[in-house]
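start_26.cif (mmCIF, C-alpha atoms)
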data_start
#
loop_
_atom_site.group_PDB
_atom_site.id
_atom_site.type_symbol
_atom_site.label_atom_id
_atom_site.label_comp_id
_atom_site.auth_asym_id
_atom_site.auth_seq_id
_atom_site.Cartn_x
_atom_site.Cartn_y
_atom_site.Cartn_z
ATOM 1 C CA MET A 1 6.224 60.290 45.757
ATOM 2 C CA LEU A 2 6.372 59.996 42.005
ATOM 3 C CA ALA A 3 8.912 57.835 40.261
ATOM 4 C CA ALA A 4 11.014 59.466 37.597
ATOM 5 C CA VAL A 5 9.996 58.390 34.090
ATOM 6 C CA ARG A 6 12.880 57.955 31.747
ATOM 7 C CA ALA A 7 12.582 57.799 27.953
ATOM 8 C CA PRO A 8 14.212 54.767 26.360
ATOM 9 C CA HIS A 9 17.453 55.257 24.528
ATOM 10 C CA PRO A 10 17.041 55.338 20.696
ATOM 11 C CA GLY A 11 19.416 52.362 20.439
ATOM 12 C CA GLN A 12 17.094 50.296 22.656
ATOM 13 C CA ILE A 13 14.098 51.151 20.460
ATOM 14 C CA LEU A 14 16.028 50.190 17.333
ATOM 15 C CA ALA A 15 17.201 46.908 18.877
ATOM 16 C CA ALA A 16 13.664 45.987 19.968
ATOM 17 C CA ALA A 17 12.283 46.777 16.493
ATOM 18 C CA ALA A 18 14.995 44.684 14.832
ATOM 19 C CA ALA A 19 14.299 41.759 17.160
ATOM 20 C CA ALA A 20 10.563 41.961 16.450
ATOM 21 C CA MET A 21 11.192 42.059 12.701
ATOM 22 C CA ALA A 22 13.547 39.075 12.878
ATOM 23 C CA LEU A 23 10.957 37.109 14.833
ATOM 24 C CA CYS A 24 8.262 37.858 12.222
ATOM 25 C CA LEU A 25 10.541 36.882 9.344
ATOM 26 C CA ALA A 26 11.563 33.663 11.085
ATOM 27 C CA ALA A 27 7.954 32.708 11.738
ATOM 28 C CA GLY A 28 6.958 33.405 8.134
ATOM 29 C CA GLY A 29 10.001 31.581 6.786
ATOM 30 C CA CYS A 30 9.292 28.501 8.892
ATOM 31 C CA ALA A 31 5.710 28.383 7.691
ATOM 32 C CA SER A 32 6.725 28.494 4.037
ATOM 33 C CA PHE A 33 9.464 25.920 4.677
ATOM 34 C CA ASN A 34 6.938 23.557 6.275
ATOM 35 C CA ARG A 35 4.540 24.089 3.360
ATOM 36 C CA ALA A 36 7.269 23.312 0.816
ATOM 37 C CA PHE A 37 8.640 20.380 2.799
ATOM 38 C CA GLY A 38 5.223 18.690 2.846
ATOM 39 C CA LYS A 39 4.826 19.032 -0.928
ATOM 40 C CA ARG A 40 4.586 15.845 -3.027
ATOM 41 C CA GLU A 41 4.713 15.712 -6.766
ATOM 42 C CA ALA A 42 4.295 13.188 -9.553
ATOM 43 C CA VAL A 43 7.031 13.618 -12.132
ATOM 44 C CA VAL A 44 6.037 12.299 -15.561
ATOM 45 C CA GLN A 45 8.962 11.176 -17.701
ATOM 46 C CA PHE A 46 8.722 10.988 -21.476
ATOM 47 C CA GLN A 47 10.564 9.098 -24.187
ATOM 48 C CA PRO A 48 13.613 10.933 -25.511
ATOM 49 C CA ASN A 49 12.835 13.524 -28.189
ATOM 50 C CA THR A 50 9.122 13.701 -27.340
ATOM 51 C CA PRO A 51 7.808 16.865 -28.999
ATOM 52 C CA ALA A 52 6.684 19.687 -26.722
ATOM 53 C CA ALA A 53 3.220 19.543 -28.321
ATOM 54 C CA GLU A 54 2.821 15.903 -27.216
ATOM 55 C CA MET A 55 3.954 16.713 -23.678
ATOM 56 C CA LEU A 56 1.437 19.559 -23.472
ATOM 57 C CA LYS A 57 -1.280 17.248 -24.847
ATOM 58 C CA VAL A 58 -0.589 14.712 -22.086
ATOM 59 C CA ARG A 59 -0.510 17.487 -19.474
ATOM 60 C CA ALA A 60 -3.875 18.833 -20.621
ATOM 61 C CA ALA A 61 -5.510 15.400 -20.925
ATOM 62 C CA CYS A 62 -4.826 14.500 -17.305
ATOM 63 C CA SER A 63 -5.210 17.939 -15.721
ATOM 64 C CA HIS A 64 -8.896 17.470 -14.813
ATOM 65 C CA LEU A 65 -8.267 14.978 -12.004
ATOM 66 C CA ALA A 66 -8.993 16.088 -8.448
ATOM 67 C CA ALA A 67 -5.989 16.646 -6.168
ATOM 68 C CA ALA A 68 -3.522 16.218 -9.064
ATOM 69 C CA LYS A 69 -2.939 19.632 -10.566
ATOM 70 C CA PRO A 70 -0.241 20.225 -13.168
ATOM 71 C CA GLU A 71 2.433 22.547 -11.916
ATOM 72 C CA PRO A 72 2.728 25.757 -13.915
ATOM 73 C CA ILE A 73 5.258 25.920 -16.690
ATOM 74 C CA PRO A 74 7.668 28.798 -16.011
ATOM 75 C CA ARG A 75 6.799 31.833 -18.115
ATOM 76 C CA HIS A 76 10.359 32.204 -19.361
ATOM 77 C CA VAL A 77 10.357 28.709 -20.936
ATOM 78 C CA LEU A 78 9.477 28.553 -24.607
ATOM 79 C CA LYS A 79 7.186 25.702 -25.659
ATOM 80 C CA VAL A 80 9.976 24.277 -27.808
ATOM 81 C CA ASP A 81 12.336 24.306 -24.799
ATOM 82 C CA LEU A 82 10.121 22.531 -22.260
ATOM 83 C CA PRO A 83 11.869 20.461 -19.616
ATOM 84 C CA ASP A 84 11.904 16.731 -20.324
ATOM 85 C CA ASP A 85 9.191 16.065 -17.761
ATOM 86 C CA ILE A 86 5.809 17.351 -16.606
ATOM 87 C CA ARG A 87 5.010 17.654 -12.899
ATOM 88 C CA TYR A 88 1.730 17.331 -11.034
ATOM 89 C CA GLU A 89 1.317 18.611 -7.477
ATOM 90 C CA VAL A 90 -0.229 15.700 -5.527
ATOM 91 C CA SER A 91 0.275 16.707 -1.875
ATOM 92 C CA GLN A 92 -3.439 16.328 -1.101
ATOM 93 C CA ALA A 93 -4.054 13.300 -3.359
ATOM 94 C CA SER A 94 -5.141 9.955 -1.970
ATOM 95 C CA ASP A 95 -3.711 6.679 -3.260
ATOM 96 C CA ALA A 96 -6.858 6.228 -5.379
ATOM 97 C CA GLN A 97 -6.442 9.688 -6.940
ATOM 98 C CA ILE A 98 -2.794 8.983 -7.745
ATOM 99 C CA ALA A 99 -3.859 5.668 -9.296
ATOM 100 C CA ARG A 100 -6.358 7.536 -11.520
ATOM 101 C CA LEU A 101 -3.620 9.952 -12.573
ATOM 102 C CA THR A 102 -1.351 7.015 -13.389
ATOM 103 C CA GLN A 103 -4.099 5.352 -15.443
ATOM 104 C CA CYS A 104 -4.663 8.561 -17.378
ATOM 105 C CA LEU A 105 -0.958 8.991 -18.107
ATOM 106 C CA ASP A 106 -0.491 5.332 -19.072
ATOM 107 C CA ARG A 107 -2.775 5.866 -22.090
ATOM 108 C CA PHE A 108 0.020 7.766 -23.824
ATOM 109 C CA HIS A 109 2.855 5.851 -25.494
ATOM 110 C CA SER A 110 5.228 8.770 -25.036
ATOM 111 C CA VAL A 111 5.044 8.436 -21.220
ATOM 112 C CA VAL A 112 7.747 6.074 -19.970
ATOM 113 C CA GLY A 113 7.430 6.557 -16.224
ATOM 114 C CA ILE A 114 5.892 8.352 -13.282
ATOM 115 C CA GLU A 115 7.905 9.030 -10.152
ATOM 116 C CA LEU A 116 6.370 10.208 -6.890
ATOM 117 C CA SER A 117 8.730 12.422 -4.954
ATOM 118 C CA SER A 118 8.921 14.999 -2.208
ATOM 119 C CA PRO A 119 11.570 17.591 -1.338
ATOM 120 C CA SER A 120 12.922 15.213 1.306
ATOM 121 C CA GLY A 121 13.741 12.711 -1.457
ATOM 122 C CA ASP A 122 11.049 10.196 -0.531
#
Take the structure in the file and give it back as structure tokens.
Amino acid sequence: MLAAVRAPHPGQILAAAAAAMALCLAAGGCASFNRAFGKREAVVQFQPNTPAAEMLKVRAACSHLAAAKPEPIPRHVLKVDLPDDIRYEVSQASDAQIARLTQCLDRFHSVVGIELSSPSGD
């Protein structure tokens, strides 16, 4: 005896597809959240009224260090309207690599401080 085969209702197909899509988006969103949450950066603070050219000079001078890459400057920011700090992504940097970055930055009189931070506020 053969069992009757019944086609699924279109609403069931739509609900299953929506659930699968939500699961994929959640998994992708969690991965990017974890990547961002583990990010560490060194924020370089400058003296007030430091010219943009000096900030870019400091950024370029210390950009060669391993595991301390300058974060990109947003394309919509004009060089004369740079933020008052430069940021280096140091998530993969060891203490020794961060020390080398600090030594490089300390050569410039316009640099007044370096703050290590993460999105969690640490």
Assuming the chain letters and numbering stay as they are in my file, what does the PyMOL selection byres ((chain A and resi 53-59) around 10) actually select? List them as a ChimeraX atom specification. /A:44-46,50-52,60-64,69-71,79-80,82-88,104-108,110-111
Nearest to Arg40 of chain A, chosen from A:Thr102, A:Gln97, A:Ser118, A:Gln92, with only C-alpha atoms counted in the distances: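 So, comparing all the options, the nearest one is A:Ser118.
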Any idea what the distance is between atom CA of Ala42 of chain A and atom CA of Ala68 of chain A?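 Pair atom CA of Ala42 of chain A / atom CA of Ala68 of chain A returns 8.4 Å.
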Hey, can you check how far atom CA of Ile73 of chain A sits from atom CA of Arg100 of chain A?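 For atom CA of Ile73 of chain A relative to atom CA of Arg100 of chain A, the distance reads 22.4 Å.
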Nearest candidate to Ile98 of chain A (options A:Lys39, A:Ala67, A:Gly113, A:Asn49; using all atoms listed in the file):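 Closest candidate: A:Ala67.
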Would you work out the distance separating atom CA of Glu115 of chain A from atom CA of Glu41 of chain A, expressed in Å to one decimal? 8.1 Å
